[in-house]
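Novice: So that you have it, the file is query28.tsv, and it contains TSV, C-alpha atoms:
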```tsv
chain	number	residue	atom	x	y	z
A	1	MET	CA	10.89	26.35	-42.98
A	2	SER	CA	10.64	25.79	-39.25
A	3	THR	CA	9.41	22.49	-37.87
A	4	PRO	CA	6.03	22.75	-36.04
A	5	GLN	CA	6.40	22.17	-32.32
A	6	PRO	CA	4.11	19.63	-30.66
A	7	LYS	CA	1.39	20.97	-28.40
A	8	ILE	CA	1.97	20.22	-24.73
A	9	VAL	CA	-1.14	19.31	-22.72
A	10	GLU	CA	-0.84	20.01	-18.99
A	11	THR	CA	-3.93	18.34	-17.60
A	12	SER	CA	-2.33	17.46	-14.26
A	13	ASN	CA	-1.44	21.07	-13.46
A	14	ASN	CA	-4.69	22.68	-14.53
A	15	ASP	CA	-7.26	20.05	-13.55
A	16	SER	CA	-8.37	21.21	-10.11
A	17	PHE	CA	-11.46	20.05	-8.23
A	18	MET	CA	-13.58	21.54	-5.47
A	19	ILE	CA	-14.37	20.35	-1.97
A	20	ALA	CA	-16.68	22.51	0.13
A	21	GLY	CA	-16.13	25.44	-2.22
A	22	LYS	CA	-12.31	25.34	-2.15
A	23	PRO	CA	-10.21	24.26	-5.16
A	24	TYR	CA	-7.44	21.67	-4.86
A	25	SER	CA	-4.92	20.64	-7.50
A	26	SER	CA	-3.87	17.38	-5.83
A	27	ARG	CA	-6.45	14.62	-5.96
A	28	LEU	CA	-4.55	12.50	-3.45
A	29	LEU	CA	-5.51	12.87	0.21
A	30	VAL	CA	-3.33	11.13	2.78
A	31	GLY	CA	-3.36	10.22	6.44
A	32	THR	CA	-0.84	11.12	9.12
A	33	GLY	CA	-0.82	7.96	11.24
A	34	LYS	CA	1.05	4.62	11.24
A	35	TYR	CA	4.44	6.13	10.37
A	36	LYS	CA	7.47	5.32	12.53
A	37	ASP	CA	7.65	8.98	13.60
A	38	LEU	CA	6.47	12.45	12.64
A	39	ASP	CA	9.57	13.13	10.54
A	40	GLN	CA	8.79	10.19	8.29
A	41	ALA	CA	5.16	11.27	8.12
A	42	LYS	CA	6.20	14.74	7.02
A	43	ALA	CA	8.57	13.45	4.34
A	44	ALA	CA	6.00	11.01	2.93
A	45	ILE	CA	3.24	13.62	2.86
A	46	GLN	CA	5.52	16.05	1.07
A	47	ALA	CA	6.40	13.36	-1.49
A	48	SER	CA	2.70	12.64	-2.07
A	49	GLY	CA	1.95	16.21	-3.06
A	50	ALA	CA	-1.22	16.07	-0.97
A	51	GLU	CA	-2.94	19.30	0.02
A	52	ILE	CA	-5.50	17.70	2.34
A	53	ILE	CA	-4.28	15.54	5.23
A	54	THR	CA	-6.42	13.62	7.64
A	55	MET	CA	-5.81	12.57	11.22
A	56	ALA	CA	-7.71	10.54	13.79
A	57	VAL	CA	-8.76	12.99	16.49
A	58	ARG	CA	-8.89	10.22	19.12
A	59	ARG	CA	-5.36	8.99	18.35
A	60	THR	CA	-3.44	12.13	17.37
A	61	ASN	CA	-2.24	14.99	19.53
A	62	ILE	CA	-3.37	18.29	18.02
A	63	GLY	CA	-3.16	20.22	21.25
A	64	GLN	CA	-5.10	18.15	23.74
A	65	SER	CA	-1.85	16.73	25.24
A	66	PRO	CA	0.57	19.65	25.82
A	67	ASP	CA	3.47	17.41	26.89
A	68	GLU	CA	3.48	15.27	23.71
A	69	PRO	CA	4.62	16.06	20.14
A	70	ASN	CA	1.97	18.12	18.39
A	71	LEU	CA	1.16	17.23	14.78
A	72	LEU	CA	0.27	20.85	14.04
A	73	GLU	CA	3.84	21.90	14.81
A	74	VAL	CA	5.26	19.44	12.24
A	75	LEU	CA	2.64	19.86	9.49
A	76	SER	CA	1.41	23.41	9.69
A	77	PRO	CA	-2.27	24.19	9.03
A	78	GLN	CA	-0.92	27.07	6.95
A	79	ASP	CA	0.44	24.54	4.46
A	80	TYR	CA	-2.33	21.92	4.47
A	81	THR	CA	-6.08	21.62	4.82
A	82	TYR	CA	-6.64	19.49	7.88
A	83	LEU	CA	-9.36	16.85	7.74
A	84	PRO	CA	-10.08	15.57	11.26
A	85	ASN	CA	-11.69	12.13	11.19
A	86	THR	CA	-13.72	10.04	13.56
A	87	ALA	CA	-11.70	6.82	13.21
A	88	GLY	CA	-12.37	4.44	16.07
A	89	CYS	CA	-15.95	5.59	16.61
A	90	TYR	CA	-18.63	2.88	16.68
A	91	THR	CA	-21.68	5.00	17.48
A	92	ALA	CA	-23.13	8.19	16.10
A	93	ASP	CA	-22.84	9.85	19.50
A	94	ASP	CA	-19.10	9.14	19.73
A	95	ALA	CA	-18.56	10.48	16.22
A	96	ILE	CA	-20.52	13.64	16.97
A	97	ARG	CA	-18.52	14.30	20.15
A	98	THR	CA	-15.27	13.73	18.28
A	99	CYS	CA	-16.18	16.24	15.57
A	100	ARG	CA	-17.14	18.82	18.15
A	101	LEU	CA	-13.78	18.30	19.92
A	102	ALA	CA	-11.92	18.74	16.63
A	103	ARG	CA	-13.75	21.98	15.92
A	104	GLU	CA	-12.83	23.28	19.36
A	105	LEU	CA	-9.15	22.29	19.08
A	106	LEU	CA	-8.83	23.69	15.53
A	107	ASP	CA	-10.47	27.07	16.23
A	108	GLY	CA	-13.81	26.49	14.54
A	109	HIS	CA	-12.63	24.21	11.71
A	110	ASP	CA	-15.75	22.63	10.18
A	111	LEU	CA	-14.49	20.26	7.44
A	112	VAL	CA	-14.42	16.72	8.85
A	113	LYS	CA	-14.32	13.14	7.66
A	114	LEU	CA	-17.13	11.14	9.23
A	115	GLU	CA	-16.78	7.42	9.72
A	116	VAL	CA	-18.83	5.27	12.08
A	117	LEU	CA	-17.67	1.66	12.13
A	118	GLY	CA	-19.86	-1.40	12.52
A	119	ASP	CA	-17.43	-3.91	14.03
A	120	GLU	CA	-13.75	-4.36	14.83
A	121	LYS	CA	-13.13	-7.29	12.46
A	122	THR	CA	-14.28	-5.83	9.13
A	123	LEU	CA	-14.26	-2.10	9.97
A	124	PHE	CA	-17.17	-1.78	7.57
A	125	PRO	CA	-19.27	1.34	8.09
A	126	ASP	CA	-22.41	1.22	10.18
A	127	VAL	CA	-24.64	2.95	7.66
A	128	ALA	CA	-27.53	3.66	10.01
A	129	GLU	CA	-25.29	5.27	12.63
A	130	THR	CA	-23.35	7.11	9.94
A	131	MET	CA	-26.52	8.68	8.57
A	132	ARG	CA	-27.71	9.61	12.06
A	133	ALA	CA	-24.39	11.31	12.83
A	134	ALA	CA	-24.32	13.07	9.46
A	135	GLU	CA	-27.80	14.51	9.99
A	136	THR	CA	-26.85	16.02	13.35
A	137	LEU	CA	-23.46	17.34	12.25
A	138	ILE	CA	-24.82	18.95	9.09
A	139	LYS	CA	-27.42	20.77	11.19
A	140	GLU	CA	-24.57	22.04	13.38
A	141	GLY	CA	-22.77	23.50	10.37
A	142	PHE	CA	-20.14	20.84	9.75
A	143	LYS	CA	-19.00	20.08	6.21
A	144	ILE	CA	-19.04	16.32	6.03
A	145	MET	CA	-16.87	14.09	3.88
A	146	VAL	CA	-18.40	10.72	4.63
A	147	TYR	CA	-16.94	7.20	4.59
A	148	THR	CA	-19.45	4.62	3.45
A	149	ASN	CA	-19.76	1.28	1.68
A	150	ASP	CA	-19.88	0.95	-2.09
A	151	ASP	CA	-23.69	0.97	-2.27
A	152	PRO	CA	-24.85	3.47	-4.94
A	153	ILE	CA	-28.19	4.03	-3.18
A	154	ILE	CA	-26.64	4.89	0.18
A	155	ALA	CA	-24.05	7.09	-1.51
A	156	LYS	CA	-26.80	9.10	-3.18
A	157	ARG	CA	-28.76	9.39	0.08
A	158	LEU	CA	-25.70	10.81	1.86
A	159	GLU	CA	-25.23	13.35	-0.93
A	160	GLU	CA	-28.90	14.34	-0.71
A	161	MET	CA	-28.54	14.84	3.05
A	162	GLY	CA	-25.91	17.51	2.39
A	163	CYS	CA	-22.54	15.75	2.65
A	164	VAL	CA	-19.93	17.71	0.66
A	165	ALA	CA	-18.15	14.54	-0.53
A	166	VAL	CA	-18.90	10.83	-0.48
A	167	MET	CA	-16.08	8.35	0.14
A	168	PRO	CA	-16.97	4.74	-0.71
A	169	LEU	CA	-14.59	1.98	0.30
A	170	ALA	CA	-12.71	0.01	-2.34
A	171	ALA	CA	-12.15	-2.87	0.08
A	172	PRO	CA	-11.87	-3.23	3.88
A	173	ILE	CA	-9.69	-0.64	5.62
A	174	GLY	CA	-6.02	-1.59	5.52
A	175	SER	CA	-6.64	-4.73	3.45
A	176	GLY	CA	-4.73	-3.62	0.34
A	177	LEU	CA	-7.13	-5.66	-1.81
A	178	GLY	CA	-7.76	-2.89	-4.33
A	179	ILE	CA	-11.12	-2.09	-5.90
A	180	ARG	CA	-13.33	-5.14	-5.42
A	181	ASN	CA	-16.51	-3.74	-7.00
A	182	PRO	CA	-15.49	-1.37	-9.81
A	183	TYR	CA	-18.97	-1.28	-11.33
A	184	ASN	CA	-20.47	-0.13	-8.03
A	185	ILE	CA	-17.89	2.64	-7.82
A	186	LEU	CA	-18.60	3.58	-11.44
A	187	THR	CA	-22.35	3.79	-10.73
A	188	ILE	CA	-21.72	5.99	-7.69
A	189	VAL	CA	-19.56	8.32	-9.79
A	190	GLU	CA	-22.10	8.51	-12.61
A	191	ASN	CA	-24.94	9.44	-10.23
A	192	ALA	CA	-23.05	11.97	-8.11
A	193	ASN	CA	-23.17	15.77	-7.99
A	194	VAL	CA	-20.53	15.98	-5.26
A	195	PRO	CA	-16.91	14.72	-5.29
A	196	ILE	CA	-16.49	10.95	-5.01
A	197	LEU	CA	-13.23	9.83	-3.41
A	198	VAL	CA	-12.29	6.20	-2.91
A	199	ASP	CA	-11.41	5.58	0.71
A	200	ALA	CA	-9.92	2.35	2.11
A	201	GLY	CA	-8.54	-0.79	0.49
A	202	VAL	CA	-5.97	0.63	-1.93
A	203	GLY	CA	-2.75	-1.38	-1.79
A	204	THR	CA	-0.47	-0.08	-4.50
A	205	ALA	CA	-0.15	2.44	-7.31
A	206	SER	CA	-2.09	0.40	-9.87
A	207	ASP	CA	-5.12	0.38	-7.54
A	208	ALA	CA	-4.99	4.16	-7.37
A	209	ALA	CA	-4.81	4.43	-11.16
A	210	VAL	CA	-7.85	2.16	-11.56
A	211	ALA	CA	-9.90	4.30	-9.18
A	212	MET	CA	-9.05	7.44	-11.12
A	213	GLU	CA	-9.73	5.76	-14.48
A	214	LEU	CA	-13.24	5.01	-13.21
A	215	GLY	CA	-13.80	8.75	-12.90
A	216	CYS	CA	-13.36	9.20	-9.15
A	217	ASP	CA	-12.47	12.73	-8.14
A	218	GLY	CA	-9.72	11.54	-5.83
A	219	LEU	CA	-8.53	9.02	-3.27
A	220	LEU	CA	-7.74	9.00	0.42
A	221	MET	CA	-5.17	6.52	1.66
A	222	GLN	CA	-2.98	5.87	4.66
A	223	THR	CA	-1.94	2.26	5.20
A	224	ALA	CA	-0.87	1.75	1.57
A	225	ILE	CA	1.74	4.46	2.04
A	226	ALA	CA	2.65	4.27	5.72
A	227	GLY	CA	2.77	0.46	5.69
A	228	ALA	CA	5.01	0.18	2.62
A	229	LYS	CA	8.65	-0.86	2.99
A	230	ASP	CA	9.60	2.61	1.76
A	231	PRO	CA	6.73	4.97	2.63
A	232	ILE	CA	8.32	8.01	1.01
A	233	LEU	CA	8.91	6.23	-2.29
A	234	MET	CA	5.38	4.77	-2.22
A	235	ALA	CA	3.94	8.22	-1.59
A	236	SER	CA	5.72	9.45	-4.71
A	237	ALA	CA	4.40	6.45	-6.68
A	238	MET	CA	0.85	7.12	-5.52
A	239	LYS	CA	1.10	10.74	-6.61
A	240	LYS	CA	2.11	9.68	-10.12
A	241	ALA	CA	-0.55	6.96	-10.28
A	242	VAL	CA	-3.34	9.37	-9.37
A	243	GLU	CA	-2.18	11.85	-11.99
A	244	ALA	CA	-1.81	9.15	-14.66
A	245	GLY	CA	-5.19	7.62	-13.89
A	246	ARG	CA	-6.87	10.99	-14.06
A	247	GLU	CA	-5.25	11.80	-17.41
A	248	ALA	CA	-6.26	8.39	-18.80
A	249	TYR	CA	-9.86	9.02	-17.70
A	250	LEU	CA	-9.88	12.42	-19.39
A	251	ALA	CA	-8.27	11.00	-22.53
A	252	GLY	CA	-10.90	8.28	-22.90
A	253	ARG	CA	-9.77	4.69	-23.20
A	254	ILE	CA	-10.41	2.53	-26.26
A	255	PRO	CA	-13.35	0.12	-26.01
A	256	LYS	CA	-12.60	-3.45	-25.08
A	257	LYS	CA	-12.96	-5.96	-27.91
A	258	ARG	CA	-13.02	-9.72	-28.00
A	259	PHE	CA	-10.77	-10.07	-31.05
A	260	ALA	CA	-7.70	-8.35	-32.42
A	261	SER	CA	-7.80	-5.09	-34.34
A	262	ALA	CA	-4.90	-4.02	-36.55
A	263	SER	CA	-2.94	-1.17	-34.96
A	264	SER	CA	-2.12	0.22	-38.39
A	265	PRO	CA	-4.83	0.87	-41.01
A	266	LEU	CA	-5.05	-1.61	-43.91
A	267	ASP	CA	-6.42	0.87	-46.46
A	268	GLY	CA	-4.00	2.20	-49.05
A	269	LEU	CA	-1.42	-0.57	-48.81
A	270	PHE	CA	1.20	-0.47	-51.61
A	271	PHE	CA	1.59	-4.25	-51.81
```
Any chance you could put this one into C-alpha coordinates?

Specialist:
Amino acid sequence: MSTPQPKIVETSNNDSFMIAGKPYSSRLLVGTGKYKDLDQAKAAIQASGAEIITMAVRRTNIGQSPDEPNLLEVLSPQDYTYLPNTAGCYTADDAIRTCRLARELLDGHDLVKLEVLGDEKTLFPDVAETMRAAETLIKEGFKIMVYTNDDPIIAKRLEEMGCVAVMPLAAPIGSGLGIRNPYNILTIVENANVPILVDAGVGTASDAAVAMELGCDGLLMQTAIAGAKDPILMASAMKKAVEAGREAYLAGRIPKKRFASASSPLDGLFF
(Lines of atoms letter the chains of each structure in order from A and count residues from 1; the text may use other names and numbers.)
(Lines give C-alpha, C1' and ligand atoms only; values in the text may rest on other atoms or scores of the structure.)
Protein backbone atom coordinates (compact mmCIF):
# COMPACT_ATOMS: atom_id res chain seq x y z
CA MET A 1 0.00 0.00 0.00
CA SER A 2 1.49 3.32 -1.03
CA THR A 3 2.01 6.08 1.50
CA PRO A 4 -0.22 9.16 0.90
CA GLN A 5 1.80 12.16 -0.18
CA PRO A 6 1.29 15.45 1.68
CA LYS A 7 -0.53 18.21 -0.16
CA ILE A 8 1.71 21.13 -1.09
CA VAL A 9 0.15 24.58 -0.74
CA GLU A 10 1.73 27.23 -2.97
CA THR A 11 0.15 30.41 -1.69
CA SER A 12 3.17 32.60 -2.49
CA ASN A 13 3.16 31.67 -6.18
CA ASN A 14 -0.56 31.93 -6.79
CA ASP A 15 -1.56 34.82 -4.53
CA SER A 16 -1.45 37.80 -6.89
CA PHE A 17 -2.99 41.22 -6.27
CA MET A 18 -4.12 44.04 -8.52
CA ILE A 19 -3.00 47.64 -8.83
CA ALA A 20 -4.77 49.81 -11.37
CA GLY A 21 -6.17 46.73 -13.09
CA LYS A 22 -2.83 44.91 -13.48
CA PRO A 23 -1.93 41.76 -11.50
CA TYR A 24 1.36 41.43 -9.62
CA SER A 25 2.75 38.37 -7.88
CA SER A 26 5.33 40.21 -5.78
CA ARG A 27 3.91 42.25 -2.93
CA LEU A 28 7.22 44.00 -2.31
CA LEU A 29 7.79 47.32 -4.06
CA VAL A 30 11.25 48.86 -3.83
CA GLY A 31 13.01 52.12 -4.54
CA THR A 32 16.00 52.75 -6.78
CA GLY A 33 17.86 55.44 -4.83
CA LYS A 34 20.47 55.54 -2.04
CA TYR A 35 22.57 52.68 -3.43
CA LYS A 36 26.31 53.18 -3.98
CA ASP A 37 25.79 52.80 -7.73
CA LEU A 38 23.32 51.54 -10.32
CA ASP A 39 24.92 48.08 -10.42
CA GLN A 40 24.21 47.57 -6.73
CA ALA A 41 20.69 48.90 -7.21
CA LYS A 42 20.08 46.41 -9.99
CA ALA A 43 21.40 43.47 -7.98
CA ALA A 44 19.36 44.36 -4.89
CA ILE A 45 16.17 44.87 -6.88
CA GLN A 46 16.65 41.53 -8.59
CA ALA A 47 17.17 39.86 -5.20
CA SER A 48 13.98 41.46 -3.87
CA GLY A 49 11.83 39.92 -6.57
CA ALA A 50 10.01 43.23 -6.95
CA GLU A 51 7.96 43.88 -10.07
CA ILE A 52 7.20 47.53 -9.29
CA ILE A 53 10.10 49.93 -8.71
CA THR A 54 9.83 53.55 -7.75
CA MET A 55 12.15 56.47 -8.37
CA ALA A 56 12.20 60.12 -7.40
CA VAL A 57 11.66 62.08 -10.61
CA ARG A 58 13.47 65.13 -9.22
CA ARG A 59 16.56 63.13 -8.20
CA THR A 60 16.85 60.40 -10.84
CA ASN A 61 17.90 60.66 -14.46
CA ILE A 62 15.30 58.98 -16.66
CA GLY A 63 16.22 60.88 -19.78
CA GLN A 64 16.21 64.51 -18.73
CA SER A 65 20.06 64.54 -18.48
CA PRO A 66 21.48 62.89 -21.63
CA ASP A 67 25.10 63.02 -20.41
CA GLU A 68 24.45 61.10 -17.15
CA PRO A 69 23.72 57.40 -16.50
CA ASN A 70 20.09 56.67 -17.30
CA LEU A 71 18.18 54.43 -14.89
CA LEU A 72 16.01 53.14 -17.73
CA GLU A 73 19.07 51.65 -19.42
CA VAL A 74 19.99 49.64 -16.30
CA LEU A 75 16.48 48.59 -15.21
CA SER A 76 14.42 48.25 -18.34
CA PRO A 77 10.75 49.31 -18.33
CA GLN A 78 10.17 46.06 -20.21
CA ASP A 79 11.09 44.16 -17.05
CA TYR A 80 9.51 46.36 -14.37
CA THR A 81 6.53 48.60 -13.80
CA TYR A 82 7.95 52.02 -13.10
CA LEU A 83 6.37 54.09 -10.34
CA PRO A 84 7.59 57.69 -10.58
CA ASN A 85 7.22 59.51 -7.27
CA THR A 86 7.09 63.09 -6.14
CA ALA A 87 9.67 62.81 -3.34
CA GLY A 88 10.99 66.20 -2.32
CA CYS A 89 7.79 68.06 -3.15
CA TYR A 90 6.34 70.30 -0.43
CA THR A 91 3.41 71.80 -2.31
CA ALA A 92 0.62 70.42 -4.43
CA ASP A 93 1.76 72.50 -7.39
CA ASP A 94 5.28 71.04 -7.28
CA ALA A 95 3.90 67.51 -7.08
CA ILE A 96 1.55 68.11 -10.01
CA ARG A 97 4.38 69.49 -12.17
CA THR A 98 6.58 66.53 -11.26
CA CYS A 99 3.92 64.01 -12.28
CA ARG A 100 3.37 65.77 -15.57
CA LEU A 101 7.13 65.69 -16.24
CA ALA A 102 7.25 61.97 -15.47
CA ARG A 103 4.40 61.29 -17.87
CA GLU A 104 6.21 63.21 -20.60
CA LEU A 105 9.55 61.46 -20.02
CA LEU A 106 7.94 57.99 -19.84
CA ASP A 107 5.79 58.32 -22.97
CA GLY A 108 2.40 58.80 -21.34
CA HIS A 109 2.94 56.63 -18.24
CA ASP A 110 0.12 57.44 -15.81
CA LEU A 111 0.79 55.34 -12.68
CA VAL A 112 2.51 57.55 -10.09
CA LYS A 113 3.20 57.65 -6.38
CA LEU A 114 2.05 60.95 -4.91
CA GLU A 115 3.69 62.32 -1.81
CA VAL A 116 3.55 65.93 -0.63
CA LEU A 117 5.66 66.52 2.47
CA GLY A 118 4.88 68.87 5.32
CA ASP A 119 8.35 69.67 6.66
CA GLU A 120 11.98 68.63 6.29
CA LYS A 121 12.43 67.32 9.84
CA THR A 122 9.63 64.74 10.06
CA LEU A 123 8.86 64.24 6.36
CA PHE A 124 5.27 63.65 7.42
CA PRO A 125 2.73 64.14 4.64
CA ASP A 126 0.93 67.44 4.25
CA VAL A 127 -2.55 65.97 4.00
CA ALA A 128 -4.29 69.09 2.72
CA GLU A 129 -1.77 69.59 -0.09
CA THR A 130 -1.77 65.87 -0.85
CA MET A 131 -5.54 65.86 -1.31
CA ARG A 132 -5.41 68.99 -3.47
CA ALA A 133 -2.76 67.42 -5.71
CA ALA A 134 -4.62 64.11 -5.89
CA GLU A 135 -7.83 65.82 -7.00
CA THR A 136 -6.10 67.60 -9.88
CA LEU A 137 -4.04 64.61 -11.01
CA ILE A 138 -7.00 62.23 -10.97
CA LYS A 139 -8.92 64.65 -13.18
CA GLU A 140 -5.96 64.61 -15.57
CA GLY A 141 -6.10 60.82 -15.85
CA PHE A 142 -3.28 59.84 -13.50
CA LYS A 143 -3.53 56.64 -11.47
CA ILE A 144 -2.49 57.70 -8.00
CA MET A 145 -0.83 55.57 -5.35
CA VAL A 146 -0.81 57.99 -2.45
CA TYR A 147 1.50 58.33 0.56
CA THR A 148 -0.33 59.46 3.66
CA ASN A 149 -0.30 59.22 7.45
CA ASP A 150 -1.87 56.33 9.33
CA ASP A 151 -5.21 58.08 9.85
CA PRO A 152 -8.07 55.72 8.85
CA ILE A 153 -10.39 58.63 8.01
CA ILE A 154 -7.94 60.31 5.64
CA ALA A 155 -7.08 56.96 4.06
CA LYS A 156 -10.74 56.36 3.28
CA ARG A 157 -11.17 59.88 1.88
CA LEU A 158 -8.25 59.35 -0.50
CA GLU A 159 -9.76 56.07 -1.68
CA GLU A 160 -13.12 57.77 -2.23
CA MET A 161 -11.43 60.48 -4.30
CA GLY A 162 -10.25 57.81 -6.73
CA CYS A 163 -6.71 56.88 -5.65
CA VAL A 164 -5.88 53.36 -6.90
CA ALA A 165 -3.88 52.50 -3.75
CA VAL A 166 -3.37 54.07 -0.34
CA MET A 167 0.07 53.94 1.29
CA PRO A 168 0.05 54.81 5.00
CA LEU A 169 3.35 55.31 6.78
CA ALA A 170 4.48 52.85 9.44
CA ALA A 171 6.84 55.43 10.95
CA PRO A 172 8.75 58.48 9.65
CA ILE A 173 10.55 58.00 6.32
CA GLY A 174 13.95 56.38 6.78
CA SER A 175 13.52 55.99 10.55
CA GLY A 176 13.54 52.18 10.64
CA LEU A 177 11.22 52.27 13.65
CA GLY A 178 8.80 49.68 12.29
CA ILE A 179 5.02 49.83 12.64
CA ARG A 180 4.25 52.28 15.44
CA ASN A 181 0.44 52.14 15.22
CA PRO A 182 -0.56 48.62 14.15
CA TYR A 183 -4.20 49.10 15.11
CA ASN A 184 -4.48 52.16 12.87
CA ILE A 185 -3.03 50.18 9.98
CA LEU A 186 -5.41 47.31 10.75
CA THR A 187 -8.40 49.69 10.70
CA ILE A 188 -7.28 51.15 7.37
CA VAL A 189 -7.00 47.64 5.90
CA GLU A 190 -10.40 46.57 7.21
CA ASN A 191 -12.14 49.62 5.71
CA ALA A 192 -10.43 49.61 2.32
CA ASN A 193 -11.63 48.58 -1.13
CA VAL A 194 -8.31 49.41 -2.78
CA PRO A 195 -4.83 47.97 -2.06
CA ILE A 196 -3.20 49.16 1.16
CA LEU A 197 0.60 49.19 1.12
CA VAL A 198 2.72 50.25 4.06
CA ASP A 199 5.15 52.93 2.99
CA ALA A 200 7.99 54.34 5.13
CA GLY A 201 9.47 53.32 8.47
CA VAL A 202 10.24 49.64 7.91
CA GLY A 203 13.68 48.77 9.27
CA THR A 204 14.13 45.03 8.98
CA ALA A 205 12.48 41.82 7.85
CA SER A 206 10.39 41.35 11.00
CA ASP A 207 8.75 44.75 10.39
CA ALA A 208 7.77 43.64 6.90
CA ALA A 209 6.29 40.40 8.23
CA VAL A 210 4.21 42.30 10.80
CA ALA A 211 2.77 44.58 8.11
CA MET A 212 1.75 41.61 6.01
CA GLU A 213 0.30 39.75 9.01
CA LEU A 214 -1.97 42.77 9.56
CA GLY A 215 -3.47 42.13 6.13
CA CYS A 216 -1.68 44.80 4.11
CA ASP A 217 -1.58 44.08 0.39
CA GLY A 218 2.09 44.94 0.18
CA LEU A 219 4.94 47.21 1.22
CA LEU A 220 7.14 49.80 -0.39
CA MET A 221 10.62 50.30 1.00
CA GLN A 222 13.93 51.84 0.07
CA THR A 223 16.15 52.88 2.98
CA ALA A 224 15.73 49.57 4.83
CA ILE A 225 17.34 47.81 1.88
CA ALA A 226 19.69 50.40 0.40
CA GLY A 227 20.94 51.49 3.82
CA ALA A 228 21.69 47.99 5.10
CA LYS A 229 25.28 46.79 5.46
CA ASP A 230 24.53 44.25 2.73
CA PRO A 231 21.71 45.64 0.59
CA ILE A 232 21.48 42.59 -1.66
CA LEU A 233 21.17 40.18 1.26
CA MET A 234 18.61 42.45 2.96
CA ALA A 235 16.58 42.60 -0.24
CA SER A 236 16.45 38.82 -0.24
CA ALA A 237 15.43 38.81 3.43
CA MET A 238 12.64 41.31 2.77
CA LYS A 239 11.31 39.17 -0.07
CA LYS A 240 11.06 36.16 2.24
CA ALA A 241 9.53 38.20 5.08
CA VAL A 242 6.78 39.58 2.86
CA GLU A 243 5.94 36.11 1.59
CA ALA A 244 5.99 34.60 5.10
CA GLY A 245 3.87 37.39 6.55
CA ARG A 246 1.32 37.03 3.78
CA GLU A 247 1.09 33.27 4.27
CA ALA A 248 0.69 33.71 8.04
CA TYR A 249 -2.14 36.20 7.44
CA LEU A 250 -3.89 33.78 5.10
CA ALA A 251 -3.36 30.88 7.49
CA GLY A 252 -4.94 32.74 10.41
CA ARG A 253 -3.00 33.05 13.64
CA ILE A 254 -4.16 31.57 16.93
CA PRO A 255 -5.84 33.99 19.35
CA LYS A 256 -3.72 35.48 22.09
CA LYS A 257 -4.43 34.15 25.57
CA ARG A 258 -3.37 35.28 29.00
CA PHE A 259 -2.59 31.80 30.34
CA ALA A 260 -1.04 28.63 29.00
CA SER A 261 -2.91 26.11 26.88
CA ALA A 262 -1.65 22.54 26.50
CA SER A 263 -0.18 21.97 23.04
CA SER A 264 -1.32 18.34 23.12
CA PRO A 265 -4.92 17.38 23.96
CA LEU A 266 -5.55 15.91 27.43
CA ASP A 267 -8.54 13.75 26.44
CA GLY A 268 -7.92 10.04 26.04
CA LEU A 269 -4.76 9.81 28.13
CA PHE A 270 -3.70 6.21 28.91
CA PHE A 271 -2.29 7.03 32.34

Novice: Would you tabulate, counting all atoms listed in the file, all residues of stretch 25-102 of chain A that have an atom at most 6 Å from an atom of stretch 229-243 of chain A, showing the closest pair of atoms and their distance in Å to one decimal, sorted by chain then ascending number, as CSV?

Specialist:
```
residue,atom,partner,partner_atom,distance
A:Ala44,CA,A:Ile232,CA,4.3
A:Ala47,CA,A:Ser236,CA,5.1
A:Ser48,CA,A:Ala235,CA,4.6
```

Novice: Could you tell me how far atom CA of A:Ile153 lies from atom CA of A:Asn181, in Å and to one decimal?

Specialist: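 About the pair atom CA of A:Ile153 and atom CA of A:Asn181: they are 14.5 Å apart.
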
Novice: Do you have the atom CA of A:Ala56-atom CA of A:Thr32 distance handy?

Specialist: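 Distance reported for this atom pair: 8.3 Å.
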
Novice: Find the residues around A:Pro168 up to 9 Å (only C-alpha atoms counted), leave out those fewer than 5 positions away in its own chain, and share them as a list in words.

Specialist: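 Near neighbours after the sequence-gap exclusion: Val146, Tyr147, Thr148, Asn149, Asp150, Asp151, Ala155, Ile185, Ile188, Ile196, Leu197, Val198, Asp199 and Ala200 of chain A.
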
Novice: From the list A:Val127, A:Val116, A:Met221, A:Ile179, which residue is nearest A:Thr54 when using all atoms listed in the file?

Specialist: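 Closest candidate: A:Met221.
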
Novice: Please provide as JSON, numbers by chain all residues within 12 Å of stretch 106-109 of chain A, with the sequence filter that same-chain residues fewer than 4 positions apart are discarded (counting all atoms listed in the file).

Specialist: {"A": [57, 61, 62, 63, 64, 71, 72, 76, 77, 81, 82, 83, 84, 99, 100, 101, 102, 113, 140, 141, 142, 143, 144]}
